[in-house]
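K.L.:
Below is the file coords-v4.cif, which contains mmCIF, C-alpha atoms.
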data_model
#
loop_
_atom_site.label_atom_id
_atom_site.label_comp_id
_atom_site.auth_asym_id
_atom_site.auth_seq_id
_atom_site.Cartn_x
_atom_site.Cartn_y
_atom_site.Cartn_z
CA MET A 2 132.71 63.71 98.27
CA ARG A 3 130.11 66.23 97.17
CA TYR A 4 130.40 69.88 97.94
CA ARG A 5 127.65 72.34 98.44
CA SER A 6 127.74 75.98 97.55
CA PHE A 7 126.56 78.78 99.80
CA PRO A 8 125.36 81.81 97.90
CA THR A 9 126.34 85.03 99.57
CA PRO A 10 123.69 87.67 100.12
CA GLY A 11 124.49 90.75 98.16
CA ARG A 12 125.89 88.98 95.15
CA ALA A 13 122.51 88.64 93.59
CA ALA A 14 119.72 91.09 92.99
CA VAL A 15 116.36 90.64 94.65
CA THR A 16 114.92 87.78 92.72
CA VAL A 17 111.79 85.77 92.41
CA ARG A 18 112.36 82.18 93.21
CA GLY A 19 110.32 79.65 91.41
CA GLN A 20 112.39 76.58 92.12
CA GLN A 21 110.80 73.48 93.44
CA ALA A 22 111.67 72.66 97.00
CA PRO A 23 114.15 69.81 97.17
CA SER A 24 112.72 66.40 97.78
CA ARG A 25 112.22 65.53 101.41
CA GLU A 26 111.73 61.89 100.75
CA ALA A 27 115.39 60.96 100.43
CA GLY A 28 116.66 58.16 102.59
CA ALA A 29 117.73 58.97 106.13
CA GLY A 30 121.20 57.58 105.51
CA THR A 31 122.03 59.91 102.65
CA PRO A 32 124.45 62.70 103.54
CA PRO A 33 122.72 66.05 103.50
CA THR A 34 123.62 67.84 100.29
CA ALA A 35 120.79 70.32 99.89
CA VAL A 36 121.90 73.69 98.69
CA LEU A 37 121.07 76.40 101.18
CA ARG A 38 119.61 79.13 99.03
CA PRO A 39 118.61 82.08 101.17
CA ASP A 40 116.37 84.71 99.69
CA THR A 41 118.26 87.90 99.31
CA ALA A 42 117.35 91.54 99.41
CA GLY A 43 120.59 93.36 98.79
CA ARG A 44 123.07 92.20 101.44
CA ALA A 45 120.39 90.70 103.66
CA GLY A 46 119.69 87.00 103.55
CA MET A 47 116.33 85.69 104.67
CA ILE A 48 115.52 82.13 105.67
CA THR A 49 112.15 80.73 106.70
CA VAL A 50 111.95 77.20 108.11
CA LEU A 51 109.03 75.16 109.40
CA THR A 52 109.89 72.12 111.51
CA ALA A 53 107.64 69.47 113.03
CA LEU A 54 107.85 69.40 116.82
CA LYS A 55 108.14 66.22 118.83
CA PRO A 56 105.26 65.53 121.22
CA LEU A 57 106.72 67.48 124.17
CA GLY A 58 108.46 70.02 121.97
CA GLY A 59 105.71 72.62 122.17
CA PRO A 60 105.51 72.84 125.98
CA TRP A 61 109.31 72.73 126.26
CA LEU A 62 109.74 75.59 123.83
CA ARG A 63 107.07 77.68 125.47
CA ALA A 64 108.85 77.25 128.79
CA LEU A 65 112.22 77.99 127.21
CA PHE A 66 110.94 81.10 125.45
CA ALA A 67 109.32 82.31 128.66
CA LEU A 68 112.61 81.79 130.50
CA THR A 69 114.67 83.61 127.87
CA ARG A 70 112.26 86.50 127.96
CA HIS A 71 113.10 86.97 131.61
CA VAL A 72 116.80 86.14 131.23
CA PRO A 73 117.60 87.44 127.73
CA GLY A 74 121.28 86.54 128.04
CA LEU A 75 120.32 82.89 127.74
CA THR A 76 119.43 83.46 124.13
CA GLY A 77 123.05 84.34 123.47
CA LEU A 78 122.46 85.94 120.08
CA GLY A 79 123.53 89.48 120.95
CA PRO A 80 127.22 89.04 120.22
CA LEU A 81 126.67 87.43 116.82
CA LYS A 82 126.52 90.79 115.00
CA SER A 83 125.30 89.07 111.89
CA VAL A 84 121.60 88.78 112.68
CA HIS A 85 119.20 91.65 112.06
CA PHE A 86 116.10 89.91 113.37
CA ILE A 87 114.95 86.42 114.32
CA ARG A 88 111.46 85.23 115.18
CA TRP A 89 110.16 81.95 116.52
CA THR A 90 106.53 80.91 116.59
CA VAL A 91 105.08 77.69 117.91
CA LEU A 92 102.13 76.91 115.70
CA ALA A 93 99.40 74.64 117.05
CA SER A 94 96.56 75.57 114.71
CA LEU A 95 95.86 77.65 111.66
CA PRO A 96 93.57 80.68 111.48
CA TYR A 97 90.21 79.84 109.90
CA ASN A 98 88.40 82.18 107.54
CA GLY A 99 85.34 80.16 106.53
CA PRO A 100 84.65 78.40 103.21
CA PRO A 101 86.23 77.70 100.84
CA GLN A 102 89.04 77.29 103.37
CA VAL A 103 89.27 73.71 104.49
CA ARG A 104 89.53 73.28 108.23
CA GLU A 105 92.67 71.34 108.84
CA ARG A 106 94.20 69.89 111.91
CA LEU A 107 97.95 70.07 111.95
CA PRO A 108 99.55 66.65 112.31
CA HIS A 109 102.13 68.11 114.71
CA ARG A 110 102.85 71.39 116.36
CA LEU A 111 105.15 73.33 114.09
CA LEU A 112 108.01 75.65 114.83
CA LEU A 113 108.26 78.61 112.48
CA TRP A 114 111.72 80.15 112.44
CA GLU A 115 112.62 83.14 110.33
CA THR A 116 115.94 84.88 110.30
CA VAL A 117 117.16 88.00 108.53
CA TYR A 118 120.93 88.13 108.56
CA SER A 119 123.79 89.73 106.72
CA ALA A 120 126.85 87.56 106.90
CA PRO A 121 127.66 85.26 104.02
CA THR A 122 125.57 82.16 104.56
CA GLU A 123 128.32 79.67 105.34
CA PRO A 124 129.96 81.72 108.12
CA TYR A 125 126.50 82.47 109.42
CA VAL A 126 125.71 78.79 109.85
CA GLU A 127 129.20 78.20 111.25
CA THR A 128 128.57 80.89 113.83
CA PHE A 129 125.42 79.12 114.83
CA VAL A 130 127.32 75.87 115.24
CA HIS A 131 130.43 77.18 116.97
CA GLY A 132 129.11 80.34 118.65
CA VAL A 133 125.68 79.46 119.95
CA GLY A 134 125.43 75.77 119.17
CA ASP A 135 124.03 74.89 122.59
CA LYS A 136 121.32 77.56 122.29
CA VAL A 137 120.38 76.33 118.83
CA ARG A 138 120.28 72.77 120.15
CA ASN A 139 117.99 73.77 122.99
CA ILE A 140 115.47 75.05 120.49
CA TRP A 141 115.74 72.70 117.55
CA SER A 142 116.35 69.44 119.36
CA THR A 143 112.60 69.55 119.88
CA SER A 144 112.11 69.09 116.12
CA HIS A 145 111.96 65.85 114.18
CA GLY A 146 115.02 65.21 112.04
CA PHE A 147 117.27 67.83 113.67
CA PRO A 148 120.82 66.61 113.00
CA GLY A 149 122.48 68.42 115.93
CA THR A 150 125.10 71.12 115.78
CA ARG A 151 128.28 69.09 115.52
CA SER A 152 128.52 69.53 111.79
CA VAL A 153 128.13 72.73 109.81
CA THR A 154 127.32 70.65 106.75
CA GLY A 155 124.66 68.71 108.59
CA LEU A 156 122.97 71.79 109.98
CA ALA A 157 123.24 73.68 106.69
CA GLY A 158 121.75 70.68 104.91
CA TYR A 159 118.88 70.60 107.39
CA ILE A 160 118.16 74.30 106.97
CA GLY A 161 118.66 74.07 103.22
CA GLU A 162 116.17 71.27 102.80
CA LEU A 163 113.54 72.76 105.06
CA SER A 164 113.84 76.38 104.04
CA ILE A 165 110.87 77.79 102.19
CA THR A 166 111.94 80.13 99.46
CA GLY A 167 110.25 83.49 99.29
CA ALA A 168 108.28 84.87 96.44
CA HIS A 169 108.91 88.50 97.32
CA CYS A 170 111.47 90.09 99.65
CA TRP A 171 112.11 93.66 100.69
CA SER A 172 114.78 95.44 102.67
CA ALA A 173 114.70 99.15 103.49
CA HIS A 174 118.50 99.34 103.51
CA PRO A 175 119.68 96.66 101.11
CA GLY A 176 123.28 97.85 101.17
CA ALA A 177 123.67 97.68 104.96
CA THR A 178 124.92 94.73 106.97
CA VAL A 179 124.16 94.26 110.66
CA ARG A 180 127.68 95.31 111.49
CA THR A 181 127.58 98.51 109.43
CA THR A 182 124.18 99.34 110.88
CA LEU A 183 125.38 98.89 114.45
CA SER A 184 128.55 100.84 113.69
CA ALA A 185 126.56 103.66 112.13
CA LEU A 186 124.27 103.84 115.14
CA ASP A 187 127.33 103.99 117.43
CA VAL A 188 128.83 106.79 115.37
CA ALA A 189 125.53 108.66 115.34
CA LYS A 190 125.37 108.37 119.12
CA GLU A 191 128.72 110.13 119.52
CA HIS A 192 128.15 112.60 116.74
CA GLN A 193 126.07 115.02 118.81
CA TYR A 194 128.81 115.17 121.45
CA LEU A 195 131.35 116.01 118.78
CA VAL A 196 129.20 118.80 117.37
CA ARG A 197 128.73 120.25 120.83
CA ALA A 198 132.44 120.00 121.52
CA ALA A 199 133.28 121.66 118.21
CA ARG A 200 131.06 124.59 119.14
CA ASN A 201 132.17 124.98 122.75
CA THR A 202 135.86 124.08 123.00
CA SER A 203 139.15 125.48 121.74
CA PRO A 204 140.70 124.04 118.56
CA THR A 205 143.27 122.15 120.61
CA GLU A 206 140.70 120.68 122.97
CA PHE A 207 138.49 119.72 120.07
CA ALA A 208 141.37 118.06 118.26
CA VAL A 209 141.98 115.88 121.33
CA ILE A 210 138.31 114.99 121.55
CA TYR A 211 138.03 114.27 117.82
CA ARG A 212 141.13 112.07 117.79
CA GLY A 213 139.76 110.20 120.75
CA PHE A 214 136.61 109.62 118.76
CA LEU A 215 138.64 108.31 115.84
CA ASP A 216 140.58 105.98 118.14
CA ARG A 217 137.39 104.53 119.53
CA ARG A 218 135.45 104.44 116.31
CA GLN A 219 138.04 103.64 113.66
CA GLY A 220 136.63 100.15 113.40
CA ASP A 221 133.21 101.60 112.77
CA LEU A 222 134.18 103.98 109.97
CA MET B 12 117.59 108.26 119.50
CA ASN B 13 113.91 108.97 119.41
CA VAL B 14 112.53 105.48 118.94
CA THR B 15 108.86 105.79 118.18
CA TRP B 16 108.12 102.09 118.66
CA PRO B 17 110.37 99.07 119.06
CA ALA B 18 111.07 97.02 115.97
CA THR B 19 108.12 94.64 116.02
CA PRO B 20 107.51 91.47 114.04
CA MET B 21 104.28 90.76 112.24
CA THR B 22 103.47 87.32 110.90
CA VAL B 23 100.28 86.66 108.94
CA LEU B 24 99.23 83.33 107.47
CA THR B 25 96.33 83.35 105.01
CA PRO B 26 94.82 80.45 103.04
CA VAL B 27 95.02 80.64 99.26
CA VAL B 28 91.73 80.14 97.41
CA PRO B 29 91.88 76.67 95.85
CA GLY B 30 92.74 76.93 92.17
CA ARG B 31 94.39 80.34 92.45
CA GLU B 32 97.79 79.23 93.68
CA GLN B 33 99.49 79.73 90.33
CA ALA B 34 97.88 83.12 89.85
CA LEU B 35 99.20 84.13 93.27
CA ARG B 36 102.71 83.06 92.38
CA GLU B 37 102.54 85.01 89.14
CA SER B 38 101.28 88.08 90.97
CA LEU B 39 104.14 87.91 93.45
CA GLU B 40 106.56 87.50 90.58
CA ARG B 41 105.14 90.61 88.94
CA LEU B 42 105.48 92.56 92.20
CA SER B 43 109.13 91.60 92.42
CA GLY B 44 109.67 92.95 88.94
CA LEU B 45 108.20 96.37 89.63
CA GLY B 46 110.58 99.30 89.36
CA ALA B 47 109.26 100.84 92.58
CA PRO B 48 109.17 98.14 95.26
CA PRO B 49 105.74 98.07 96.94
CA PHE B 50 107.09 97.92 100.50
CA GLY B 51 109.11 101.06 99.86
CA ARG B 52 105.81 102.88 100.31
CA VAL B 53 105.03 101.30 103.69
CA ALA B 54 106.21 103.45 106.57
CA GLU B 55 108.89 102.25 108.97
CA THR B 56 109.27 98.78 107.47
CA HIS B 57 112.75 97.30 107.80
CA PHE B 58 112.07 93.99 106.08
CA ALA B 59 109.06 92.32 104.54
CA ARG B 60 108.48 89.07 102.77
CA TRP B 61 105.81 86.90 101.18
CA VAL B 62 106.29 83.14 101.07
CA VAL B 63 103.92 80.48 99.74
CA VAL B 64 103.69 77.46 102.04
CA SER B 65 102.45 74.16 100.65
CA GLY B 66 102.72 70.41 101.14
CA ALA B 67 104.63 69.24 104.18
CA PRO B 68 107.61 71.59 104.25
CA TRP B 69 108.55 70.38 107.75
CA ARG B 70 109.37 66.86 106.53
CA TYR B 71 113.11 66.17 106.54
CA ARG B 72 114.44 62.94 105.09
CA GLY B 73 111.30 61.05 105.84
CA LEU B 74 110.87 62.42 109.36
CA PRO B 75 108.47 62.49 111.02
CA ARG B 76 107.31 59.21 109.55
CA ARG B 77 103.65 59.76 110.30
CA THR B 78 102.58 63.09 108.98
CA ARG B 79 100.30 64.50 106.36
CA PRO B 80 100.68 67.47 104.05
CA LEU B 81 98.66 70.64 104.28
CA ARG B 82 95.38 70.39 102.42
CA MET B 83 95.61 73.96 101.20
CA GLN B 84 98.36 76.34 100.27
CA TYR B 85 99.02 79.37 102.46
CA LEU B 86 100.52 82.78 101.94
CA LEU B 87 102.90 83.63 104.75
CA PHE B 88 103.62 87.31 105.22
CA THR B 89 106.36 88.47 107.58
CA SER B 90 107.53 91.97 108.29
CA THR B 91 109.49 93.97 110.83
CA ALA B 92 108.41 97.54 111.42
CA ASN B 93 108.71 100.22 114.08
CA ARG B 94 104.97 100.36 114.43
CA PRO B 95 102.31 98.87 116.68
CA PRO B 96 100.66 96.01 114.75
CA GLU B 97 97.38 97.86 114.22
CA GLN B 98 99.19 100.88 112.84
CA HIS B 99 101.43 98.71 110.69
CA VAL B 100 98.36 97.04 109.19
CA GLU B 101 96.98 100.45 108.25
CA ASP B 102 100.36 101.42 106.80
CA LEU B 103 100.27 98.26 104.71
CA ARG B 104 96.82 99.14 103.44
CA THR B 105 97.62 102.73 102.53
CA GLY B 106 101.13 101.97 101.29
CA LEU B 107 100.56 98.82 99.25
CA ARG B 108 97.07 99.70 98.00
CA GLY B 109 96.48 97.68 94.83
CA ASP B 110 99.64 95.65 95.42
CA ALA B 111 98.06 94.30 98.61
CA ASP B 112 95.13 93.09 96.54
CA ALA B 113 97.53 91.53 94.03
CA ALA B 114 98.85 89.26 96.80
CA TRP B 115 96.13 88.79 99.40
CA GLY B 116 93.41 89.07 96.76
CA HIS B 117 94.06 85.38 96.05
CA CYS B 118 93.38 84.45 99.67
CA VAL B 119 90.16 83.23 101.25
CA GLY B 120 88.07 85.99 102.80
CA TYR B 121 90.27 88.93 101.84
CA PRO B 122 88.09 92.05 101.64
CA GLY B 123 90.38 94.35 99.61
CA TYR B 124 92.39 97.38 100.60
CA GLN B 125 89.52 99.76 99.96
CA GLN B 126 87.71 98.46 103.03
CA PRO B 127 89.83 99.76 105.90
CA ALA B 128 87.98 97.99 108.72
CA GLY B 129 87.74 94.70 106.83
CA PHE B 130 91.40 94.84 105.82
CA ARG B 131 92.48 95.48 109.39
CA ARG B 132 90.23 92.74 110.76
CA TYR B 133 91.43 90.26 108.16
CA LEU B 134 95.14 90.70 108.76
CA LEU B 135 94.81 90.81 112.53
CA HIS B 136 92.58 87.72 112.52
CA ASN B 137 95.20 85.79 110.56
CA ARG B 138 98.14 87.10 112.54
CA LEU B 139 100.31 84.51 114.26
CA PRO B 140 101.87 85.24 117.63
CA THR B 141 105.63 85.59 117.86
CA HIS B 142 106.75 83.61 120.88
CA ARG B 143 110.36 84.69 120.81
CA TRP B 144 111.95 87.61 119.08
CA PHE B 145 115.45 88.93 118.70
CA ALA B 146 116.33 92.34 117.28
CA ALA B 147 119.92 93.50 116.91
CA TYR B 148 118.81 97.14 117.11
CA ASP B 149 115.75 99.19 117.83
CA ALA B 150 116.35 102.21 115.64
CA THR B 151 113.68 103.21 113.17
CA VAL B 152 114.16 102.94 109.41
CA GLN B 153 114.73 106.69 109.26
CA GLU B 154 117.27 106.57 112.09
CA VAL B 155 119.15 103.71 110.46
CA GLY B 156 119.20 105.55 107.14
CA ASP B 157 120.40 108.77 108.78
CA ALA B 158 123.05 106.92 110.78
CA LEU B 159 124.37 105.12 107.70
CA ASP B 160 124.57 108.44 105.88
CA LEU B 161 126.33 110.09 108.83
CA ARG B 162 128.81 107.24 109.04
CA ARG B 163 129.67 107.67 105.36
CA ARG B 164 130.18 111.42 105.89
CA HIS B 165 132.39 110.82 108.94
CA THR B 166 134.48 108.32 107.02
CA ARG B 167 135.05 110.73 104.14
CA PHE B 168 135.75 113.55 106.61
CA ALA B 169 138.31 111.51 108.56
CA VAL B 170 140.20 110.71 105.37
CA ARG B 171 140.22 114.38 104.35
CA MET B 172 141.44 115.54 107.75
CA GLN B 173 144.54 113.37 108.01
CA GLU B 174 146.98 116.22 107.36
CA VAL B 175 145.00 119.12 108.80
CA ASP B 176 146.08 121.13 111.89
CA ASP B 177 143.90 121.65 114.97
CA LEU B 178 142.40 124.97 113.90
CA GLY B 179 141.64 123.68 110.44
CA LEU B 180 140.11 120.54 111.90
CA GLN B 181 137.62 122.42 114.04
CA LYS B 182 136.69 124.78 111.22
CA ALA B 183 136.26 121.95 108.77
CA PHE B 184 134.20 119.95 111.27
CA LEU B 185 131.85 122.86 111.90
CA SER B 186 131.60 123.47 108.19
CA GLU B 187 130.74 119.82 107.55
CA PHE B 188 128.59 119.05 110.57
CA GLY B 189 128.03 122.33 112.42
CA ASP B 190 124.49 122.82 111.19
CA ALA B 191 123.36 119.64 112.92
CA GLU B 192 120.49 120.11 115.31
CA LEU B 193 121.23 118.89 118.78
CA PRO B 194 118.58 117.12 120.83
CA ASP B 195 116.49 119.17 123.25
CA ALA B 196 117.85 117.33 126.26
CA GLU B 197 121.13 119.00 127.10
CA LEU B 198 124.10 116.71 127.24
CA PRO B 199 127.15 117.36 129.36
CA ASP B 200 129.60 119.46 127.38
CA ALA B 201 132.33 117.48 125.70
CA GLU B 202 131.59 114.44 127.78
CA LEU B 203 131.84 111.45 125.53
CA PRO B 204 129.64 108.42 125.99
CA ASP B 205 130.86 104.90 126.52
CA ALA B 206 132.05 103.29 123.37
CA GLU B 207 129.76 100.31 123.77
CA LEU B 208 126.14 100.10 122.84
CA PRO B 209 123.90 98.41 125.34
CA ASP B 210 123.33 94.74 124.64
CA ALA B 211 120.93 94.12 121.84
CA GLU B 212 117.52 94.09 123.35
CA LEU B 213 115.29 91.11 123.32
CA LEU B 214 111.75 92.18 122.92
CA ASP B 215 108.87 90.35 124.39
CA THR B 216 106.18 90.07 121.78
CA GLU B 217 104.12 87.45 123.55
CA LEU B 218 101.76 90.26 124.42
CA LEU B 219 101.08 90.81 120.74
CA ASP B 220 99.09 87.62 120.69
CA ASP B 221 95.63 88.97 121.23
CA GLY B 222 94.02 85.65 120.56
CA THR B 223 92.51 86.72 117.27
#
Represent the structure contained in this file as structure tokens.
P.N.:
Amino acid sequence: MRYRSFPTPGRAAVTVRGQQAPSREAGAGTPPTAVLRPDTAGRAGMITVLTALKPLGGPWLRALFALTRHVPGLTGLGPLKSVHFIRWTVLASLPYNGPPQVRERLPHRLLLWETVYSAPTEPYVETFVHGVGDKVRNIWSTSHGFPGTRSVTGLAGYIGELSITGAHCWSAHPGATVRTTLSALDVAKEHQYLVRAARNTSPTEFAVIYRGFLDRRQGDL
Amino acid sequence: MNVTWPATPMTVLTPVVPGREQALRESLERLSGLGAPPFGRVAETHFARWVVVSGAPWRYRGLPRRTRPLRMQYLLFTSTANRPPEQHVEDLRTGLRGDADAAWGHCVGYPGYQQPAGFRRYLLHNRLPTHRWFAAYDATVQEVGDALDLRRRHTRFAVRMQEVDDLGLQKAFLSEFGDAELPDAELPDAELPDAELPDAELLDTELLDDGT
């Protein structure tokens, strides 16, 4: 049995990664053992993946993305609280800028997926498998080689092998996780009410209001 | 919160001039080693990243069987900023200045940051559409920074106030936070909002694809 390690964002400084991408020519029967090395900027992890879409993958994804734009709940990512931002792009051609750029026709449509997240990497992938596995499947089952979402190891291996390491990463708030950011925004939202109450109520009334705030927000402080 | 513009993704893919791939990598390495991070000077940018794409990075364990690698290498730039794309491009130009040239200067057709119109045209021409986008929050960089600072102050204050009586609590609160400016829109006195934030918004950025 071989074990993989999952580096945790925040335990390494922003670094330049010069490693070679792992070989993608290994046999299909080999268990996935690629190390998932996210780029880190403080406590944020960043992963960029390009996958090759199956022939009907492009139209399916465009329809799916259109549907989830109108029914956002179908995306199901809101409750994860570990994702800052995610983007998906279906790429059918590349921008052309004239010589010396070579005009090239992509052999397949590609799906570009980039995520910025804050949880340690292993729980993050686990959340994808156990929390929104069906949503992930809906998107990535259109890609060649997608192993499904039954196994955390399988999915992490897939992401690990396909992820393109960054040469330069930046985060405006490297010390903040998604959860602390959302908590801080919640606290800030109530703060103005507390200030107003402190100015306009008696000490006893304010104490009740403030303790109510602490009860509601103790998990955010 | 006064959100000036929703958090918006920008994705730009530019071809690297053949023969300058290594120089590009070295430039990016140098940028990462700078004491003052270049993107720290670009307004309202939450995250930004440069990645070099080469070969057939989509190939996983021999699949798909029939494929071919890219003939050139590409510099992929991704960012998230509370700015319309055109404004964000200008922020990149004026914020990164020479550091923009250090990266995109190795790409085909890049005009340099000193040509505002050319710079704008170049990045917008090479921009990729974002077909689906998820943002956990819409606050600006400044709002996030202020909120994180406020949260830290509230945490310290709550610890200090554990043994304080009601009168002392109100006095201490006003001393700590009383100088805060309240928003112009009057809020109902002492009426506390719901504890829950609205669901994280999903932003439609399909409209950002202007076909360039």
K.L.:
Can you list, as a VMD selection string, the residues that the PyMOL selection byres ((chain A and resi 150) around 9) selects here?
P.N.:
chain A and resid 129 to 131 134 to 135 137 to 138 147 to 149 151 to 153 155 to 156
K.L.:
Might you spell out which residues the PyMOL selection byres ((chain A) within 7 of (chain B)) would select in the displayed file, as a VMD selection string?
P.N.:
chain A and resid 16 to 17 25 to 29 51 to 53 66 70 73 79 84 to 91 96 98 101 to 102 108 145 to 146 163 166 to 173 182 185 to 189 191 193 to 194 196 to 199 204 to 205 207 to 208 217 222
K.L.:
Please enumerate the residues selected by the PyMOL selection byres ((chain A and resi 46) around 7) when evaluated against the supplied file, formatted as a count of residues only.
P.N.:
12
K.L.:
Could you please determine the separation between atom CA of Ile160 of chain A and atom CA of Pro121 of chain A in Å, to one decimal place?
P.N.:
14.8 Å
K.L.:
From the list A:Ile165, A:Leu95, A:Leu215, A:Leu112, which residue is nearest Val170 of chain B when using all atoms listed in the file?
P.N.:
A:Leu215
K.L.:
Find the distance between atom CA of Gln126 of chain B and atom CA of Val100 of chain B and write it in Å to one decimal.
P.N.:
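One can read the atom CA of Gln126 of chain B to atom CA of Val100 of chain B distance as 12.4 Å.
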K.L.:
Quick one, how far is atom CA of Pro96 of chain B from atom CA of Arg180 of chain A?
P.N.:
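Calculated distance between atom CA of Pro96 of chain B and atom CA of Arg180 of chain A is 27.2 Å.
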K.L.:
Any idea what's packed within 9 Å of Ala54 of chain B, counting all atoms listed in the file, ignoring anything in its chain fewer than 4 positions away? Could you give it as a ChimeraX atom specification?
P.N.:
/B:50,92-94,99,102-103,106,152
